[in-house]
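Raw data-v4.cif, mmCIF, C-alpha atoms:
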data_my_file
loop_
_atom_site.group_PDB
_atom_site.id
_atom_site.type_symbol
_atom_site.label_atom_id
_atom_site.label_comp_id
_atom_site.auth_asym_id
_atom_site.auth_seq_id
_atom_site.Cartn_x
_atom_site.Cartn_y
_atom_site.Cartn_z
ATOM 1 C CA MET N 1 69.825 54.375 73.472
ATOM 2 C CA LYS N 2 67.688 56.130 70.746
ATOM 3 C CA GLU N 3 67.491 55.046 67.033
ATOM 4 C CA PRO N 4 68.495 57.627 64.482
ATOM 5 C CA LYS N 5 65.692 59.471 62.630
ATOM 6 C CA ASP N 6 66.864 58.184 59.213
ATOM 7 C CA ASN N 7 66.423 54.583 60.328
ATOM 8 C CA LYS N 8 62.809 55.272 61.374
ATOM 9 C CA LYS N 9 61.999 56.802 57.990
ATOM 10 C CA ASN N 10 63.474 53.833 56.122
ATOM 11 C CA THR N 11 61.459 51.369 58.204
ATOM 12 C CA ARG N 12 58.182 53.148 57.466
ATOM 13 C CA SER N 13 59.003 53.440 53.790
ATOM 14 C CA ASN N 14 59.773 49.728 53.522
ATOM 15 C CA LYS N 15 56.537 48.834 55.290
ATOM 16 C CA TYR N 16 54.514 51.026 52.929
ATOM 17 C CA ASP N 17 56.201 49.514 49.867
ATOM 18 C CA LYS N 18 55.373 46.005 51.075
ATOM 19 C CA GLU N 19 51.713 46.926 51.555
ATOM 20 C CA ARG N 20 51.511 48.424 48.060
ATOM 21 C CA LYS N 21 53.060 45.301 46.539
ATOM 22 C CA THR N 22 50.593 43.112 48.427
ATOM 23 C CA VAL N 23 47.645 45.183 47.182
ATOM 24 C CA LYS N 24 48.917 45.014 43.595
ATOM 25 C CA ILE N 25 49.350 41.247 43.804
ATOM 26 C CA LEU N 26 45.842 40.785 45.204
ATOM 27 C CA THR N 27 44.352 43.090 42.567
ATOM 28 C CA PHE N 28 46.158 41.222 39.796
ATOM 29 C CA ALA N 29 44.994 37.890 41.188
ATOM 30 C CA VAL N 30 41.387 39.105 41.301
ATOM 31 C CA ILE N 31 41.600 40.315 37.703
ATOM 32 C CA ILE N 32 43.083 36.990 36.550
ATOM 33 C CA ALA N 33 40.369 35.072 38.405
ATOM 34 C CA ALA N 34 37.667 37.260 36.854
ATOM 35 C CA LEU N 35 39.095 36.694 33.373
ATOM 36 C CA ILE N 36 39.191 32.942 33.949
ATOM 37 C CA VAL N 37 35.547 32.953 35.089
ATOM 38 C CA ILE N 38 34.482 35.010 32.054
ATOM 39 C CA LEU N 39 36.426 32.686 29.732
ATOM 40 C CA LEU N 40 34.797 29.631 31.285
ATOM 41 C CA LEU N 41 31.336 31.180 30.868
ATOM 42 C CA ILE N 42 32.008 31.950 27.204
ATOM 43 C CA MET N 43 33.266 28.401 26.573
ATOM 44 C CA SER N 44 30.244 26.989 28.361
ATOM 45 C CA LEU N 45 27.838 29.023 26.223
ATOM 46 C CA PHE N 46 29.481 27.953 22.954
ATOM 47 C CA SER N 47 29.739 24.297 23.909
ATOM 48 C CA GLY N 48 26.126 24.277 25.165
ATOM 49 C CA GLY N 49 24.861 25.784 21.877
ATOM 50 C CA ASP N 50 26.508 23.058 19.800
ATOM 51 C CA LYS N 51 24.787 20.148 21.571
ATOM 52 C CA PRO N 52 21.182 21.055 20.637
ATOM 53 C CA GLN N 53 22.317 21.513 17.054
ATOM 54 C CA GLU N 54 23.937 18.076 17.064
ATOM 55 C CA VAL N 55 20.789 16.550 18.603
ATOM 56 C CA ALA N 56 18.583 18.298 16.050
ATOM 57 C CA THR N 57 20.796 17.072 13.194
ATOM 58 C CA GLU N 58 20.735 13.507 14.513
ATOM 59 C CA SER N 59 16.935 13.655 14.925
ATOM 60 C CA SER N 60 16.524 14.992 11.390
ATOM 61 C CA SER N 61 18.709 12.187 10.041
ATOM 62 C CA ARG N 62 16.577 9.608 11.830
ATOM 63 C CA VAL N 63 13.352 11.116 10.418
ATOM 64 C CA ILE N 64 14.752 11.057 6.874
ATOM 65 C CA LYS N 65 15.977 7.477 7.313
ATOM 66 C CA ASN N 66 12.621 6.327 8.714
ATOM 67 C CA SER N 67 10.802 8.087 5.863
ATOM 68 C CA GLU N 68 13.002 6.349 3.278
ATOM 69 C CA GLU N 69 12.450 2.964 4.939
ATOM 70 C CA SER N 70 8.669 3.582 5.025
ATOM 71 C CA THR N 71 8.595 4.558 1.332
ATOM 72 C CA GLN N 72 10.656 1.484 0.391
ATOM 73 C CA SER N 73 8.306 -0.736 2.401
ATOM 74 C CA GLU N 74 5.239 0.762 0.658
ATOM 75 C CA VAL N 75 6.816 0.176 -2.772
ATOM 76 C CA GLN N 76 7.614 -3.450 -1.884
ATOM 77 C CA ASN N 77 4.058 -4.029 -0.590
ATOM 78 C CA SER N 78 2.613 -2.466 -3.755
ATOM 79 C CA GLU N 79 4.803 -4.705 -5.952
ATOM 80 C CA LYS N 80 3.768 -7.804 -3.988
ATOM 81 C CA SER N 81 0.077 -6.805 -4.280
ATOM 82 C CA SER N 82 0.424 -6.287 -8.057
ATOM 83 C CA GLU N 83 2.169 -9.650 -8.468
ATOM 84 C CA SER N 84 -0.521 -11.381 -6.404
ATOM 85 C CA SER N 85 -3.311 -9.715 -8.409
ATOM 86 C CA SER N 86 -1.639 -10.671 -11.699
ATOM 87 C CA GLU N 87 -1.204 -14.281 -10.583
ATOM 88 C CA SER N 88 -4.853 -14.423 -9.475
ATOM 89 C CA GLU N 89 -6.099 -13.049 -12.816
ATOM 90 C CA THR N 90 -3.883 -15.496 -14.724
ATOM 91 C CA SER N 91 -5.181 -18.398 -12.637
ATOM 92 C CA GLN N 92 -8.820 -17.373 -13.214
ATOM 93 C CA SER N 93 -8.215 -17.000 -16.953
ATOM 94 C CA GLU N 94 -6.557 -20.420 -17.167
ATOM 95 C CA SER N 95 -9.398 -22.022 -15.196
ATOM 96 C CA SER N 96 -12.003 -20.445 -17.486
ATOM 97 C CA GLU N 97 -10.150 -21.537 -20.639
ATOM 98 C CA SER N 98 -9.738 -25.035 -19.222
ATOM 99 C CA ALA N 99 -13.478 -25.293 -18.478
ATOM 100 C CA GLU N 100 -14.368 -24.107 -21.993
ATOM 101 C CA SER N 101 -11.903 -26.554 -23.554
ATOM 102 C CA GLU N 102 -13.187 -29.535 -21.565
ATOM 103 C CA SER N 103 -16.802 -28.698 -22.431
ATOM 104 C CA SER N 104 -16.067 -28.353 -26.159
ATOM 105 C CA GLU N 105 -13.870 -31.441 -26.433
ATOM 106 C CA SER N 106 -16.396 -33.750 -24.768
ATOM 107 C CA VAL N 107 -19.088 -33.178 -27.433
ATOM 108 C CA GLU N 108 -19.017 -34.025 -31.138
ATOM 109 C CA THR N 109 -20.439 -31.191 -33.233
ATOM 110 C CA LYS N 110 -21.575 -30.913 -36.828
ATOM 111 C CA GLU N 111 -21.859 -27.758 -38.932
ATOM 112 C CA THR N 112 -25.333 -26.702 -39.993
ATOM 113 C CA GLU N 113 -27.010 -23.861 -41.874
ATOM 114 C CA PRO N 114 -27.180 -20.497 -40.026
ATOM 115 C CA THR N 115 -30.551 -18.866 -39.520
ATOM 116 C CA ASP N 116 -29.505 -15.316 -40.523
ATOM 117 C CA GLU N 117 -26.599 -13.127 -41.682
ATOM 118 C CA ASN N 118 -25.567 -12.269 -38.123
ATOM 119 C CA VAL N 119 -24.353 -15.857 -37.637
ATOM 120 C CA THR N 120 -20.675 -16.632 -38.293
ATOM 121 C CA GLU N 121 -20.877 -20.316 -37.393
ATOM 122 C CA ALA N 122 -23.705 -22.756 -36.651
ATOM 123 C CA TYR N 123 -23.448 -26.324 -35.401
ATOM 124 C CA THR N 124 -25.412 -29.098 -33.729
ATOM 125 C CA GLY N 125 -24.067 -31.511 -31.130
ATOM 126 C CA ASP N 126 -24.843 -34.530 -28.989
ATOM 127 C CA TRP N 127 -25.146 -32.579 -25.746
ATOM 128 C CA LYS N 128 -26.839 -34.360 -22.900
ATOM 129 C CA PRO N 129 -29.796 -32.835 -21.057
ATOM 130 C CA VAL N 130 -28.914 -30.983 -17.849
ATOM 131 C CA GLU N 131 -30.202 -32.946 -14.868
ATOM 132 C CA THR N 132 -33.435 -31.377 -13.676
ATOM 133 C CA GLN N 133 -35.038 -31.100 -10.256
ATOM 134 C CA GLN N 134 -38.503 -30.694 -11.796
ATOM 135 C CA GLU N 135 -41.064 -33.504 -11.780
ATOM 136 C CA GLY N 136 -44.444 -34.163 -13.375
ATOM 137 C CA GLU N 137 -46.052 -32.234 -16.211
ATOM 138 C CA HIS N 138 -43.753 -29.432 -17.325
ATOM 139 C CA THR N 139 -44.654 -25.864 -18.225
ATOM 140 C CA THR N 140 -41.741 -23.502 -18.917
ATOM 141 C CA ASN N 141 -41.355 -20.675 -16.404
ATOM 142 C CA PHE N 142 -39.479 -17.760 -18.017
ATOM 143 C CA ASN N 143 -39.269 -15.648 -14.838
ATOM 144 C CA ASP N 144 -35.802 -14.691 -13.576
ATOM 145 C CA GLY N 145 -34.591 -17.028 -10.836
ATOM 146 C CA SER N 146 -37.045 -19.813 -11.716
ATOM 147 C CA GLN N 147 -35.843 -23.409 -11.859
ATOM 148 C CA ASP N 148 -36.270 -23.397 -15.638
ATOM 149 C CA ARG N 149 -34.063 -20.309 -16.016
ATOM 150 C CA ILE N 150 -31.398 -21.809 -13.736
ATOM 151 C CA GLU N 151 -31.305 -25.053 -15.737
ATOM 152 C CA ILE N 152 -31.466 -23.265 -19.123
ATOM 153 C CA LYS N 153 -28.441 -21.174 -18.126
ATOM 154 C CA LYS N 154 -26.472 -24.255 -17.107
ATOM 155 C CA ALA N 155 -27.326 -26.086 -20.353
ATOM 156 C CA THR N 156 -26.402 -23.003 -22.411
ATOM 157 C CA ALA N 157 -23.022 -22.708 -20.654
ATOM 158 C CA ASN N 158 -22.328 -26.391 -21.360
ATOM 159 C CA ALA N 159 -23.072 -25.961 -25.066
ATOM 160 C CA THR N 160 -21.087 -22.733 -25.587
ATOM 161 C CA GLY N 161 -18.184 -23.446 -23.233
ATOM 162 C CA LEU N 162 -18.686 -20.108 -21.470
ATOM 163 C CA ASP N 163 -18.105 -19.786 -17.737
ATOM 164 C CA GLU N 164 -21.595 -20.039 -16.218
ATOM 165 C CA SER N 165 -20.749 -17.680 -13.323
ATOM 166 C CA ALA N 166 -19.540 -14.953 -15.724
ATOM 167 C CA MET N 167 -21.957 -15.567 -18.610
ATOM 168 C CA ILE N 168 -24.557 -12.878 -19.385
ATOM 169 C CA GLU N 169 -28.071 -13.939 -20.438
ATOM 170 C CA TRP N 170 -29.389 -11.238 -22.745
ATOM 171 C CA TRP N 171 -32.592 -12.949 -23.862
ATOM 172 C CA VAL N 172 -34.526 -16.181 -23.307
ATOM 173 C CA GLU N 173 -37.629 -16.646 -25.459
ATOM 174 C CA ASN N 174 -40.174 -19.276 -26.390
ATOM 175 C CA SER N 175 -39.414 -21.101 -29.631
ATOM 176 C CA GLY N 176 -42.363 -23.506 -29.696
ATOM 177 C CA GLU N 177 -43.793 -26.130 -27.379
ATOM 178 C CA GLY N 178 -41.060 -27.288 -25.000
ATOM 179 C CA GLN N 179 -38.412 -25.251 -26.849
ATOM 180 C CA VAL N 180 -36.517 -22.021 -26.079
ATOM 181 C CA VAL N 181 -33.813 -19.825 -27.616
ATOM 182 C CA ALA N 182 -31.238 -18.129 -25.373
ATOM 183 C CA THR N 183 -28.931 -15.285 -26.437
ATOM 184 C CA VAL N 184 -25.811 -15.095 -24.246
ATOM 185 C CA SER N 185 -22.270 -13.695 -24.189
ATOM 186 C CA ASP N 186 -19.161 -13.453 -22.076
ATOM 187 C CA THR N 187 -18.708 -10.370 -19.887
ATOM 188 C CA GLY N 188 -16.670 -8.539 -22.534
ATOM 189 C CA GLN N 189 -19.194 -9.393 -25.304
ATOM 190 C CA THR N 190 -16.360 -10.758 -27.420
ATOM 191 C CA LYS N 191 -18.152 -14.113 -27.694
ATOM 192 C CA ASN N 192 -21.867 -13.952 -28.486
ATOM 193 C CA TYR N 193 -24.078 -17.011 -28.941
ATOM 194 C CA ARG N 194 -27.639 -17.988 -29.768
ATOM 195 C CA VAL N 195 -28.488 -21.381 -28.275
ATOM 196 C CA TYR N 196 -31.527 -23.534 -29.121
ATOM 197 C CA LEU N 197 -32.753 -25.926 -26.420
ATOM 198 C CA LYS N 198 -35.579 -28.423 -26.009
ATOM 199 C CA TRP N 199 -37.206 -29.923 -22.942
ATOM 200 C CA VAL N 200 -36.804 -33.675 -22.402
ATOM 201 C CA ASP N 201 -39.360 -35.087 -19.945
ATOM 202 C CA ASN N 202 -37.880 -36.289 -16.659
ATOM 203 C CA GLN N 203 -34.364 -35.354 -17.882
ATOM 204 C CA GLY N 204 -34.198 -31.588 -18.343
ATOM 205 C CA TRP N 205 -33.133 -28.975 -20.889
ATOM 206 C CA GLN N 206 -30.997 -30.203 -23.780
ATOM 207 C CA PRO N 207 -29.048 -27.933 -26.183
ATOM 208 C CA ILE N 208 -29.678 -28.940 -29.794
ATOM 209 C CA LYS N 209 -28.046 -26.133 -31.797
ATOM 210 C CA VAL N 210 -25.531 -23.317 -31.244
ATOM 211 C CA GLU N 211 -24.968 -20.251 -33.422
ATOM 212 C CA GLN N 212 -21.988 -17.961 -32.911
ATOM 213 C CA LEU N 213 -22.999 -14.368 -33.662
ATOM 214 C CA LYS N 214 -21.091 -11.499 -35.265
ATOM 215 C CA GLU N 215 -22.571 -9.161 -32.700
ATOM 216 C CA ASN N 216 -25.025 -9.224 -29.823
ATOM 217 C CA ASP N 217 -28.432 -8.494 -31.382
ATOM 218 C CA LYS N 218 -30.234 -8.435 -28.013
ATOM 219 C CA ASN N 219 -28.152 -5.767 -26.283
#
Output the file's structure as structure tokens, nothing else.
Amino acid sequence: MKEPKDNKKNTRSNKYDKERKTVKILTFAVIIAALIVILLLIMSLFSGGDKPQEVATESSSRVIKNSEESTQSEVQNSEKSSESSSESETSQSESSESAESESSESVETKETEPTDENVTEAYTGDWKPVETQQEGEHTTNFNDGSQDRIEIKKATANATGLDESAMIEWWVENSGEGQVVATVSDTGQTKNYRVYLKWVDNQGWQPIKVEQLKENDKN
């Protein structure tokens, strides 16, 4: 028994429609998939670009923080150094003043006539001779670094109360047999003295008179 011609046409038409629908569905699916891939790529690019920026910002913050900490540390070290220097200077000043005070208080002095107008104050005292290392007949050696100059400086410091290590000797001259005159000052030349000394056999140089000067006349 043969099928009618109309039935054959309908069967072919239905088959063709199904194929077209399948192609459309596949095409649509491919387009959707492509869009999803493109969207993922775009999101990946944007998210990837943000990370380096965040890292750079974090790194910059660390550099600034470290720089601030370093600057603060330098300021603290500088303050500590200044405090230490100030304390050291104060200690040295107090030690020097203490030495001058002890030297002056241990000797009784008596005012005497000044030798010239440059003298503001003149006095004698019962200073003891500075112990000497020299023996036998004595002849004064005025050369720098000689034993006489070393002992004259020590005796002069004792009489004036100046710090021997900081005292400046401007002039040491002969003032007669076994006698010398030394002109000295502190480092700032705010205290200037003329000191008269005599040699005592087997004992050493002894200060006998001190004159405080208005100004250093040997500078």
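Shortest separation to Asn202 of chain N among N:Val119, N:Val130, N:Ala33, N:Leu45 occurs at residue N:Val130, atoms counted being only C-alpha atoms.
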How many Å separate atom CA of Glu111 of chain N from atom CA of Ser175 of chain N?
-> 21.0 Å
Mind checking which residues fall within 8 Å of Asp126 of chain N, counting all atoms listed in the file, ignoring those fewer than 3 positions away in the same chain, and posting them as a VMD selection string?
-> chain N and resid 107 to 109 208
Residues matched by the PyMOL selection byres ((chain N and resi 189-194) around 6), written as a PDB file with C-alpha atoms, in the coordinates of the input:
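Okay, this is what ended up in part.pdb:
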ATOM      1  CA  ALA N 182     -31.238 -18.129 -25.373  1.00  0.00           C
ATOM      2  CA  THR N 183     -28.931 -15.285 -26.437  1.00  0.00           C
ATOM      3  CA  VAL N 184     -25.811 -15.095 -24.246  1.00  0.00           C
ATOM      4  CA  SER N 185     -22.270 -13.695 -24.189  1.00  0.00           C
ATOM      5  CA  ASP N 186     -19.161 -13.453 -22.076  1.00  0.00           C
ATOM      6  CA  THR N 187     -18.708 -10.370 -19.887  1.00  0.00           C
ATOM      7  CA  GLY N 188     -16.670  -8.539 -22.534  1.00  0.00           C
ATOM      8  CA  VAL N 195     -28.488 -21.381 -28.275  1.00  0.00           C
ATOM      9  CA  VAL N 210     -25.531 -23.317 -31.244  1.00  0.00           C
ATOM     10  CA  GLU N 211     -24.968 -20.251 -33.422  1.00  0.00           C
ATOM     11  CA  GLN N 212     -21.988 -17.961 -32.911  1.00  0.00           C
ATOM     12  CA  LEU N 213     -22.999 -14.368 -33.662  1.00  0.00           C
ATOM     13  CA  ASN N 216     -25.025  -9.224 -29.823  1.00  0.00           C
TER      14      ASN N 216
END
Computed gap from atom CA of Ser165 of chain N to atom CA of Thr132 of chain N is 18.7 Å
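Between atom CA of Val172 of chain N and atom CA of Glu113 of chain N the separation is 21.5 Å.
With distances taken over all atoms listed in the file, N:Thr124 is the one residue among N:Glu131, N:Leu162, N:Thr124, N:Met167 lying closest to Lys209 of chain N.
For the set N:Leu35, N:Lys214, N:Lys21, N:Gln133, the residue with the smallest atom-to-atom gap to Pro114 of chain N is N:Lys214, counting all atoms listed in the file.
In this comparison, which uses only C-alpha atoms, the residue of N:Phe46, N:Gln72, N:Pro129, N:Glu121 approaching Asp201 of chain N most closely is N:Pro129.
Residue nearest Ala157 of chain N, chosen from N:Gln134, N:Glu117, N:Pro207, N:Thr112 and counting all atoms listed in the file: N:Pro207.
Closest approach to Lys110 of chain N among N:Glu19, N:Gly125, N:Gln179, N:Arg149 is made by N:Gly125 (distances from only C-alpha atoms).
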For segment 188-196 of chain N, what centre and edge lengths in Å (one decimal) does the axis-aligned box get once 3 Å is added on each side of all its listed atoms, as AutoDock Vina command-line options?
--center_x -23.9 --center_y -16.0 --center_z -26.2 --size_x 21.2 --size_y 21.0 --size_z 13.2
Place N, CA and C atoms on segment 23-51 of chain N and deliver the coordinates as a PDB file, in the frame of the given file.
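Final output, saved to selection-v7.pdb:
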ATOM      1  N   VAL N  23      48.909  44.753  47.802  1.00  0.00           N
ATOM      2  CA  VAL N  23      47.645  45.183  47.182  1.00  0.00           C
ATOM      3  C   VAL N  23      47.665  44.923  45.673  1.00  0.00           C
ATOM      4  N   LYS N  24      48.800  45.228  45.035  1.00  0.00           N
ATOM      5  CA  LYS N  24      48.917  45.014  43.595  1.00  0.00           C
ATOM      6  C   LYS N  24      48.758  43.538  43.235  1.00  0.00           C
ATOM      7  N   ILE N  25      49.424  42.690  44.061  1.00  0.00           N
ATOM      8  CA  ILE N  25      49.350  41.247  43.804  1.00  0.00           C
ATOM      9  C   ILE N  25      47.919  40.740  43.935  1.00  0.00           C
ATOM     10  N   LEU N  26      47.236  41.205  44.990  1.00  0.00           N
ATOM     11  CA  LEU N  26      45.842  40.785  45.204  1.00  0.00           C
ATOM     12  C   LEU N  26      44.945  41.266  44.066  1.00  0.00           C
ATOM     13  N   THR N  27      45.163  42.528  43.668  1.00  0.00           N
ATOM     14  CA  THR N  27      44.352  43.090  42.567  1.00  0.00           C
ATOM     15  C   THR N  27      44.566  42.292  41.274  1.00  0.00           C
ATOM     16  N   PHE N  28      45.822  41.981  40.994  1.00  0.00           N
ATOM     17  CA  PHE N  28      46.158  41.222  39.796  1.00  0.00           C
ATOM     18  C   PHE N  28      45.526  39.823  39.830  1.00  0.00           C
ATOM     19  N   ALA N  29      45.580  39.220  41.028  1.00  0.00           N
ATOM     20  CA  ALA N  29      44.994  37.890  41.188  1.00  0.00           C
ATOM     21  C   ALA N  29      43.493  37.915  40.964  1.00  0.00           C
ATOM     22  N   VAL N  30      42.841  38.969  41.492  1.00  0.00           N
ATOM     23  CA  VAL N  30      41.387  39.105  41.301  1.00  0.00           C
ATOM     24  C   VAL N  30      41.053  39.275  39.826  1.00  0.00           C
ATOM     25  N   ILE N  31      41.850  40.092  39.134  1.00  0.00           N
ATOM     26  CA  ILE N  31      41.600  40.315  37.703  1.00  0.00           C
ATOM     27  C   ILE N  31      41.764  39.014  36.914  1.00  0.00           C
ATOM     28  N   ILE N  32      42.855  38.273  37.225  1.00  0.00           N
ATOM     29  CA  ILE N  32      43.083  36.990  36.550  1.00  0.00           C
ATOM     30  C   ILE N  32      41.927  36.027  36.793  1.00  0.00           C
ATOM     31  N   ALA N  33      41.483  35.965  38.055  1.00  0.00           N
ATOM     32  CA  ALA N  33      40.369  35.072  38.405  1.00  0.00           C
ATOM     33  C   ALA N  33      39.107  35.456  37.652  1.00  0.00           C
ATOM     34  N   ALA N  34      38.854  36.781  37.567  1.00  0.00           N
ATOM     35  CA  ALA N  34      37.667  37.260  36.854  1.00  0.00           C
ATOM     36  C   ALA N  34      37.737  36.891  35.380  1.00  0.00           C
ATOM     37  N   LEU N  35      38.931  37.050  34.779  1.00  0.00           N
ATOM     38  CA  LEU N  35      39.095  36.694  33.373  1.00  0.00           C
ATOM     39  C   LEU N  35      38.863  35.204  33.137  1.00  0.00           C
ATOM     40  N   ILE N  36      39.384  34.393  34.068  1.00  0.00           N
ATOM     41  CA  ILE N  36      39.191  32.942  33.949  1.00  0.00           C
ATOM     42  C   ILE N  36      37.709  32.577  34.009  1.00  0.00           C
ATOM     43  N   VAL N  37      36.989  33.214  34.951  1.00  0.00           N
ATOM     44  CA  VAL N  37      35.547  32.953  35.089  1.00  0.00           C
ATOM     45  C   VAL N  37      34.806  33.347  33.821  1.00  0.00           C
ATOM     46  N   ILE N  38      35.136  34.542  33.285  1.00  0.00           N
ATOM     47  CA  ILE N  38      34.482  35.010  32.054  1.00  0.00           C
ATOM     48  C   ILE N  38      34.772  34.058  30.895  1.00  0.00           C
ATOM     49  N   LEU N  39      36.044  33.612  30.793  1.00  0.00           N
ATOM     50  CA  LEU N  39      36.426  32.686  29.732  1.00  0.00           C
ATOM     51  C   LEU N  39      35.674  31.360  29.833  1.00  0.00           C
ATOM     52  N   LEU N  40      35.546  30.873  31.073  1.00  0.00           N
ATOM     53  CA  LEU N  40      34.797  29.631  31.285  1.00  0.00           C
ATOM     54  C   LEU N  40      33.335  29.779  30.896  1.00  0.00           C
ATOM     55  N   LEU N  41      32.737  30.928  31.231  1.00  0.00           N
ATOM     56  CA  LEU N  41      31.336  31.180  30.868  1.00  0.00           C
ATOM     57  C   LEU N  41      31.156  31.193  29.352  1.00  0.00           C
ATOM     58  N   ILE N  42      32.095  31.881  28.668  1.00  0.00           N
ATOM     59  CA  ILE N  42      32.008  31.950  27.204  1.00  0.00           C
ATOM     60  C   ILE N  42      32.121  30.556  26.585  1.00  0.00           C
ATOM     61  N   MET N  43      33.091  29.763  27.082  1.00  0.00           N
ATOM     62  CA  MET N  43      33.266  28.401  26.573  1.00  0.00           C
ATOM     63  C   MET N  43      32.036  27.547  26.834  1.00  0.00           C
ATOM     64  N   SER N  44      31.445  27.749  28.005  1.00  0.00           N
ATOM     65  CA  SER N  44      30.244  26.989  28.361  1.00  0.00           C
ATOM     66  C   SER N  44      29.088  27.316  27.435  1.00  0.00           C
ATOM     67  N   LEU N  45      28.925  28.607  27.110  1.00  0.00           N
ATOM     68  CA  LEU N  45      27.838  29.023  26.223  1.00  0.00           C
ATOM     69  C   LEU N  45      28.008  28.419  24.834  1.00  0.00           C
ATOM     70  N   PHE N  46      29.242  28.479  24.300  1.00  0.00           N
ATOM     71  CA  PHE N  46      29.481  27.953  22.954  1.00  0.00           C
ATOM     72  C   PHE N  46      29.322  26.440  22.900  1.00  0.00           C
ATOM     73  N   SER N  47      29.858  25.760  23.892  1.00  0.00           N
ATOM     74  CA  SER N  47      29.739  24.297  23.909  1.00  0.00           C
ATOM     75  C   SER N  47      28.303  23.866  24.125  1.00  0.00           C
ATOM     76  N   GLY N  48      27.546  24.586  24.914  1.00  0.00           N
ATOM     77  CA  GLY N  48      26.126  24.277  25.165  1.00  0.00           C
ATOM     78  C   GLY N  48      25.282  24.508  23.943  1.00  0.00           C
ATOM     79  N   GLY N  49      25.624  25.488  23.090  1.00  0.00           N
ATOM     80  CA  GLY N  49      24.861  25.784  21.877  1.00  0.00           C
ATOM     81  C   GLY N  49      25.068  24.751  20.799  1.00  0.00           C
ATOM     82  N   ASP N  50      26.229  24.062  20.823  1.00  0.00           N
ATOM     83  CA  ASP N  50      26.508  23.058  19.800  1.00  0.00           C
ATOM     84  C   ASP N  50      25.719  21.785  20.012  1.00  0.00           C
ATOM     85  N   LYS N  51      25.456  21.418  21.270  1.00  0.00           N
ATOM     86  CA  LYS N  51      24.787  20.148  21.571  1.00  0.00           C
ATOM     87  C   LYS N  51      23.377  20.078  21.001  1.00  0.00           C
TER      88      LYS N  51
END
